[in-house]
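Text of the file query12.csv, holding CSV, C-alpha atoms:
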```csv
chain,number,residue,atom,x,y,z
A,259,MET,CA,0.0,0.0,0.0
A,260,ALA,CA,1.3,3.5,-0.9
A,261,PRO,CA,2.7,5.4,2.1
A,262,TYR,CA,0.7,8.3,3.6
A,263,LEU,CA,1.5,11.0,6.1
A,264,ASN,CA,3.4,9.6,9.2
A,265,ASP,CA,3.8,6.2,7.5
A,266,THR,CA,7.3,4.8,7.2
A,267,PHE,CA,8.6,5.5,3.7
A,268,PRO,CA,9.9,2.3,2.1
A,269,ASN,CA,13.6,1.9,1.5
A,270,LEU,CA,14.5,2.3,-2.2
A,271,GLN,CA,17.2,-0.2,-3.2
A,272,GLY,CA,18.5,-0.4,-6.7
A,273,SER,CA,20.5,1.7,-9.2
A,274,THR,CA,21.0,5.4,-9.7
A,275,GLN,CA,22.9,7.1,-12.5
A,276,ASP,CA,26.3,6.2,-11.0
A,277,GLN,CA,25.6,3.7,-8.2
A,278,PRO,CA,24.4,0.1,-8.9
A,279,ASP,CA,23.8,-0.7,-5.2
A,280,PHE,CA,22.0,2.4,-4.0
A,281,ASP,CA,20.2,2.2,-0.6
A,282,LEU,CA,18.0,5.1,0.3
A,283,TYR,CA,18.1,4.6,4.0
A,284,GLU,CA,21.9,4.4,3.9
A,285,TYR,CA,22.1,7.6,1.8
A,286,LEU,CA,19.8,9.6,4.0
A,287,GLY,CA,21.4,8.5,7.3
A,288,SER,CA,20.0,10.8,10.0
A,289,SER,CA,19.1,13.6,7.6
A,290,TRP,CA,15.8,14.8,6.3
A,291,GLY,CA,15.2,13.8,2.7
A,292,ILE,CA,13.1,14.6,-0.4
A,293,VAL,CA,12.2,12.0,-2.9
A,294,PHE,CA,10.7,13.5,-6.0
A,295,ALA,CA,9.5,11.6,-9.1
A,296,HIS,CA,9.5,12.9,-12.6
A,297,PRO,CA,7.5,11.3,-15.5
A,298,GLY,CA,10.5,10.8,-17.8
A,299,ASP,CA,14.0,11.7,-18.9
A,300,PHE,CA,14.5,14.0,-21.9
A,301,THR,CA,11.2,15.8,-21.3
A,302,PRO,CA,10.9,19.6,-21.1
A,303,VAL,CA,9.1,20.3,-17.8
A,304,CYS,CA,11.2,17.7,-16.0
A,305,THR,CA,14.4,19.2,-17.4
A,306,THR,CA,13.5,22.6,-15.9
A,307,GLU,CA,12.6,21.0,-12.6
A,308,LEU,CA,15.8,19.1,-12.3
A,309,GLY,CA,17.7,22.2,-13.2
A,310,LYS,CA,16.0,24.1,-10.4
A,311,ALA,CA,16.7,21.3,-7.9
A,312,ALA,CA,20.3,21.3,-8.9
A,313,GLU,CA,20.5,25.1,-8.5
A,314,LEU,CA,19.0,24.8,-5.0
A,315,GLN,CA,20.8,21.7,-3.8
A,316,ILE,CA,23.2,23.7,-1.7
A,317,GLN,CA,20.3,25.4,0.1
A,318,PHE,CA,18.8,22.0,0.9
A,319,LYS,CA,22.2,20.8,2.1
A,320,ASN,CA,22.5,23.8,4.4
A,321,ARG,CA,19.2,22.7,6.0
A,322,GLY,CA,20.4,19.1,6.4
A,323,VAL,CA,18.1,17.8,3.6
A,324,LYS,CA,19.2,15.3,1.0
A,325,LEU,CA,17.6,15.1,-2.4
A,326,CYS,CA,16.8,12.0,-4.4
A,327,GLY,CA,15.2,12.1,-7.9
A,328,PHE,CA,13.1,9.1,-9.2
A,329,SER,CA,11.9,8.0,-12.6
A,330,CYS,CA,11.3,4.8,-14.5
A,331,ASN,CA,14.4,5.3,-16.7
A,332,THR,CA,17.8,3.5,-16.8
A,333,PRO,CA,21.2,4.7,-15.4
A,334,ALA,CA,22.5,5.2,-18.9
A,335,SER,CA,19.5,7.4,-19.7
A,336,HIS,CA,19.9,9.4,-16.6
A,337,ARG,CA,23.6,10.0,-17.3
A,338,ARG,CA,22.9,11.3,-20.8
A,339,TRP,CA,20.0,13.5,-19.6
A,340,ILE,CA,22.1,15.1,-16.8
A,341,ARG,CA,24.4,16.5,-19.5
A,342,ASP,CA,21.3,18.1,-21.2
A,343,ILE,CA,20.1,19.5,-17.8
A,344,GLU,CA,23.5,21.2,-17.1
A,345,TYR,CA,23.7,22.5,-20.7
A,346,SER,CA,20.3,24.1,-20.7
A,347,MET,CA,19.8,25.1,-17.0
A,348,GLY,CA,23.4,25.9,-16.0
A,349,HIS,CA,23.5,23.6,-13.0
A,350,ARG,CA,24.8,20.1,-12.6
A,351,VAL,CA,22.7,17.4,-10.8
A,352,GLU,CA,24.9,16.2,-7.9
A,353,PHE,CA,22.2,14.1,-6.2
A,354,PRO,CA,21.1,10.5,-7.0
A,355,LEU,CA,18.4,9.8,-9.6
A,356,PHE,CA,16.8,6.5,-8.7
A,357,CYS,CA,16.1,4.1,-11.5
A,358,ASP,CA,12.9,2.1,-11.6
A,359,PRO,CA,12.4,0.7,-15.2
A,360,THR,CA,10.2,-2.2,-13.9
A,361,ARG,CA,7.8,0.2,-12.1
A,362,LYS,CA,8.0,-2.0,-9.0
A,363,CYS,CA,8.9,0.9,-6.7
A,364,ALA,CA,6.6,3.4,-8.4
A,365,ALA,CA,3.7,1.0,-7.9
A,366,MET,CA,4.6,0.6,-4.2
A,367,LEU,CA,4.7,4.4,-3.8
A,368,GLY,CA,1.4,4.9,-5.6
A,369,ILE,CA,2.7,7.4,-8.1
A,370,LEU,CA,1.9,5.7,-11.4
A,371,ASP,CA,-0.3,7.7,-13.9
A,372,LEU,CA,-2.2,5.0,-15.7
A,373,THR,CA,-3.5,7.5,-18.2
A,374,ARG,CA,-0.1,8.2,-19.6
A,375,SER,CA,2.5,5.8,-21.0
A,376,ASP,CA,5.9,5.8,-22.6
A,377,VAL,CA,6.7,4.6,-26.2
A,378,GLU,CA,6.6,1.0,-24.9
A,379,GLY,CA,3.2,1.4,-23.5
A,380,LEU,CA,4.3,1.4,-19.8
A,381,PRO,CA,2.8,3.9,-17.4
A,382,LEU,CA,4.7,7.0,-16.4
A,383,THR,CA,4.9,8.5,-12.9
A,384,VAL,CA,3.2,11.6,-11.7
A,385,ARG,CA,5.2,14.5,-10.3
A,386,GLY,CA,5.2,13.0,-6.8
A,387,VAL,CA,7.0,14.5,-3.8
A,388,PHE,CA,7.7,12.9,-0.4
A,389,VAL,CA,9.5,14.8,2.4
A,390,ILE,CA,11.0,12.3,4.8
A,391,LYS,CA,12.0,12.9,8.4
A,392,PRO,CA,15.1,11.5,10.0
A,393,ASP,CA,13.1,8.6,11.4
A,394,LYS,CA,12.1,7.7,7.8
A,395,THR,CA,8.4,8.7,8.2
A,396,VAL,CA,6.6,10.8,5.7
A,397,ALA,CA,6.3,14.4,6.8
A,398,MET,CA,4.7,15.8,3.6
A,399,MET,CA,3.6,14.5,0.3
A,400,MET,CA,2.0,16.1,-2.8
A,401,ALA,CA,1.5,15.3,-6.5
A,402,TYR,CA,1.5,17.5,-9.6
A,403,PRO,CA,0.2,16.6,-13.1
A,404,HIS,CA,2.6,16.1,-15.9
A,405,THR,CA,1.8,19.5,-17.5
A,406,SER,CA,2.7,21.6,-14.4
A,407,GLY,CA,6.2,22.0,-13.0
A,408,ARG,CA,6.6,22.0,-9.3
A,409,ASN,CA,7.7,25.0,-7.2
A,410,PHE,CA,11.0,24.1,-5.5
A,411,ASP,CA,11.0,27.4,-3.6
A,412,GLU,CA,7.8,26.1,-1.9
A,413,LEU,CA,9.7,22.9,-1.0
A,414,LEU,CA,12.3,25.0,0.7
A,415,ARG,CA,9.5,27.0,2.5
A,416,ILE,CA,7.7,23.9,3.8
A,417,VAL,CA,11.0,22.3,4.9
A,418,ASN,CA,11.7,25.5,6.9
A,419,ALA,CA,8.2,25.3,8.4
A,420,MET,CA,8.3,21.6,9.3
A,421,MET,CA,11.7,21.8,10.9
A,422,LEU,CA,10.6,24.8,13.0
A,423,THR,CA,7.4,23.1,14.1
A,424,GLU,CA,9.3,19.9,15.0
A,425,ALA,CA,11.5,21.9,17.4
A,426,HIS,CA,9.0,24.3,19.0
A,427,SER,CA,5.3,24.3,20.2
A,428,ILE,CA,4.1,26.4,17.3
A,429,ALA,CA,2.4,26.1,13.9
A,430,THR,CA,2.9,28.3,10.8
A,431,PRO,CA,0.1,30.4,9.3
A,432,VAL,CA,-0.8,30.7,5.6
A,433,ASN,CA,2.0,31.7,3.3
A,434,TRP,CA,4.5,31.8,6.2
A,435,GLN,CA,8.1,32.7,5.4
A,436,ARG,CA,11.0,32.5,7.8
A,437,GLY,CA,11.0,35.6,10.1
A,438,ASP,CA,7.2,36.0,10.0
A,439,ASP,CA,5.2,35.6,13.2
A,440,VAL,CA,4.1,32.0,14.0
A,441,ILE,CA,1.0,30.6,15.7
A,442,VAL,CA,1.2,29.3,19.3
A,443,SER,CA,0.3,25.6,19.5
A,444,CYS,CA,-3.2,24.8,20.7
A,445,ASP,CA,-1.6,22.3,23.1
A,446,LEU,CA,-0.6,25.3,25.3
A,447,ASP,CA,-3.2,27.2,27.3
A,448,ASN,CA,-2.9,31.0,27.7
A,449,GLU,CA,-0.8,30.8,30.9
A,450,GLU,CA,1.5,28.2,29.5
A,451,ALA,CA,2.0,30.2,26.3
A,452,LYS,CA,2.9,33.3,28.4
A,453,LEU,CA,5.3,31.3,30.5
A,454,GLN,CA,7.0,30.0,27.3
A,455,TYR,CA,7.1,33.1,25.2
A,456,GLY,CA,6.8,35.9,27.8
A,457,ALA,CA,3.8,38.0,28.9
A,458,GLU,CA,4.5,40.4,26.1
A,459,GLY,CA,5.5,37.7,23.6
A,460,VAL,CA,2.0,36.4,22.8
A,461,ARG,CA,-0.4,38.4,20.6
A,462,ILE,CA,-3.9,37.2,21.1
A,463,VAL,CA,-6.7,37.6,18.6
A,464,GLU,CA,-9.9,37.6,20.6
A,465,MET,CA,-12.7,36.0,18.5
A,466,PRO,CA,-16.4,36.8,18.8
A,467,SER,CA,-17.1,33.1,19.5
A,468,GLU,CA,-14.8,33.3,22.6
A,469,LYS,CA,-16.4,36.3,24.2
A,470,TYR,CA,-19.1,34.5,26.1
A,471,ASP,CA,-18.2,30.8,25.8
A,472,ASN,CA,-14.5,30.3,26.1
A,473,VAL,CA,-14.6,27.0,28.0
A,474,VAL,CA,-11.2,25.7,26.9
A,475,GLY,CA,-9.3,28.3,28.8
A,476,ARG,CA,-7.4,29.7,25.8
A,477,ASN,CA,-7.8,31.8,22.7
A,478,TYR,CA,-7.3,29.7,19.6
A,479,LEU,CA,-5.5,32.2,17.4
A,480,ARG,CA,-2.4,33.5,19.2
A,481,TYR,CA,0.8,34.7,17.5
A,482,THR,CA,4.4,34.9,18.7
A,483,LYS,CA,7.7,35.8,17.1
A,484,ASP,CA,9.5,33.2,14.9
A,485,PRO,CA,11.7,31.4,17.5
A,486,SER,CA,14.4,30.8,14.9
A,487,GLU,CA,15.0,34.6,14.6
A,488,GLY,CA,18.6,35.4,15.5
A,489,ASP,CA,19.8,31.7,15.6
A,490,GLY,CA,22.6,32.3,13.1
A,491,LEU,CA,21.4,29.8,10.5
A,492,ILE,CA,22.6,30.6,7.0
A,493,TRP,CA,19.3,29.7,5.4
```

Do you think you could lay out the structure here as C-alpha cells?
Amino acid sequence: MAPYLNDTFPNLQGSTQDQPDFDLYEYLGSSWGIVFAHPGDFTPVCTTELGKAAELQIQFKNRGVKLCGFSCNTPASHRRWIRDIEYSMGHRVEFPLFCDPTRKCAAMLGILDLTRSDVEGLPLTVRGVFVIKPDKTVAMMMAYPHTSGRNFDELLRIVNAMMLTEAHSIATPVNWQRGDDVIVSCDLDNEEAKLQYGAEGVRIVEMPSEKYDNVVGRNYLRYTKDPSEGDGLIW
C-alpha cells in the first residue's frame, strides 16, 4: 500500500545514475530527505525541474536535507540526460536519480499515472514529492500533473516550516516565510503560552465566539515571534 503521512517511507534499493547498489536509508542516514518523481528523462518540464533542484541543492544541504530524484528510466538514460540539464539550465545534478524501469517501486509508492504511458506502453509516474523525516516517516507529500512544473521554492519553505514546528510548540500560518510571526500551539493554554514566550511575547486575537463561551481556557488564534530569529542559521 502506498505510504501516507506519518507512515514509514519504504527503503528504495537499486540503481542510480552512477551507483548500482543504492540504498535510500543508507544515503539519508540521520538527515531529512526529499524523494521527487518525474515522468521521464529528456522531457521539457522535468528538465526545468531538475535544473532548479540542482540550483537549490546547496540550500537544501544547508538545511540538512538530501535530495533524491526518481523515474522509470535506466542509469544510462539518466547520465545522458544530466548533461542536457546542465547545458540548458546551467547547474549540474549532484544528487542521486533512482532508476525504476520495472515500475515496481513506483507502484509501491502509488505514483503511477495509468492515463499516460511511454513509447513501450508502460505507465509514467506523476510528479510525486515525499518529504521524509530522519526517522524515515513521511512528513509531507504532494502530486502534480505532468503538465505543471513543481515549485521548488515552496519545498524550501515547507521544509523550513516543518523543521521549525518539530522543534517548537508552534504552527505556521498561511503563506508563512522565515521571520514571519508564527502561531502558538493549541496544546498550550494561555498561561503556558505566556510562560514559554513571555507575557508580552504572545499576541492574542480575541474572537467573537470566545467572548461568552471560552470553555477551553485559551484563545485559539495566538501569535508569537519566529523562534528561529537570530539563531545564526545561514538559510

Requested in this report: Between A:Met420, A:Val293, A:Ile369, A:Val323, single out the one closest to Phe267 in chain A, counting all atoms listed in the file.
Outcome: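 Nearest candidate to Phe267 in chain A out of A:Met420, A:Val293, A:Ile369, A:Val323: A:Val293.
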
Query - Test item: residues at most 9 Å from Leu355 in chain A, only C-alpha atoms, excluding those fewer than 4 positions along its chain, as a PyMOL selection string - result: chain A and resi 273-276+325-329+333+336+351

Query raised in the report: From the list A:Asn331, A:Ser467, A:Ser486, A:Thr405, which residue is nearest Gln435 in chain A when using all atoms listed in the file?
Result: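 The closest residue to Gln435 in chain A is A:Ser486.
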
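For the residues A:Ser406, A:Thr305, A:Thr482, A:Gln271, ranking by smallest atom-to-atom distance to Lys362 in chain A using only C-alpha atoms places A:Gln271 first.
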
Query - Residues within 8 Å of range 445-458 of chain A, all atoms listed in the file, excluding chain neighbours under 6 positions, as an MDAnalysis selection string - result: chainID A and resid 427 475:477 482

How would the residues just chosen look if you wrote them out with C-alpha atoms as a tab-separated table (two decimals), keeping the file's coordinate frame?
```
chain	number	residue	atom	x	y	z
A	427	SER	CA	5.30	24.30	20.20
A	475	GLY	CA	-9.30	28.30	28.80
A	476	ARG	CA	-7.40	29.70	25.80
A	477	ASN	CA	-7.80	31.80	22.70
A	482	THR	CA	4.40	34.90	18.70
```

Query raised in the report: Rounded to one decimal in Å, what is the spacing between CA of Thr395 in chain A and CA of Asn269 in chain A?
Result: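 Taking CA of Thr395 in chain A as the start and CA of Asn269 in chain A as the end point, the length is 10.9 Å.
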
Requested in this report: Kindly give the distance, in Å, that separates CA of Ala311 in chain A and CA of Ala295 in chain A, rounded to a single decimal.
Outcome: 12.1 Å

**Report entry** Point-to-point distance from CA of Trp290 in chain A to CA of Gly322 in chain A, Å rounded to tenths
**Finding:**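 Pair CA of Trp290 in chain A / CA of Gly322 in chain A returns 6.3 Å.
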
Requested in this report: Find the spatial neighbours of Tyr481 in chain A, counting only C-alpha atoms, within a cut-off of 9 Å - ignore same-chain residues fewer than 4 positions away - and output them as a ChimeraX atom specification.
Outcome: /A:428,439-442,459-463

Query raised in the report: Hey, what's within 10 Å of Val384 in chain A if we count only C-alpha atoms and toss same-chain stuff fewer than 3 positions away? As a ChimeraX atom specification, please?
Result: /A:294-298,329,364,368-372,374,381,387,401-405

Report task. Point out the residue among A:Pro466, A:Pro485, A:Thr383, A:Arg361 with the least atom-to-atom distance to Ala425 in chain A, counting all atoms listed in the file. Result -> A:Pro485

Query raised in the report: Counting only C-alpha atoms, what is within 7 Å of range 312-317 of chain A, bar same-chain residues fewer than 3 positions away, as a PyMOL selection string?
Result: chain A and resi 308-309+320-321+349-352+493

Query raised in the report: With all atoms listed in the file as the atoms that count, which of A:Arg408, A:Lys319, A:Lys324, A:Lys391 lies nearest to Val303 in chain A?
Result: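 The answer is A:Arg408, which sits nearest to Val303 in chain A.
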
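With distances restricted to all atoms listed in the file, A:Arg337 is the closest residue to Phe353 in chain A from A:Arg337, A:Asp376, A:Leu414, A:Leu422.
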
Query raised in the report: Which protein, DNA or RNA residues have an atom at most 7 Å from (17.5, 3.5, -5.4), counting all atoms listed in the file? List them as a list of chain:residue names.
Result: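 Result, sorted by chain then residue number: A:Leu270, A:Gln271, A:Gly272, A:Ser273, A:Thr274, A:Phe280, A:Asp281, A:Leu282, A:Phe356, A:Cys357.
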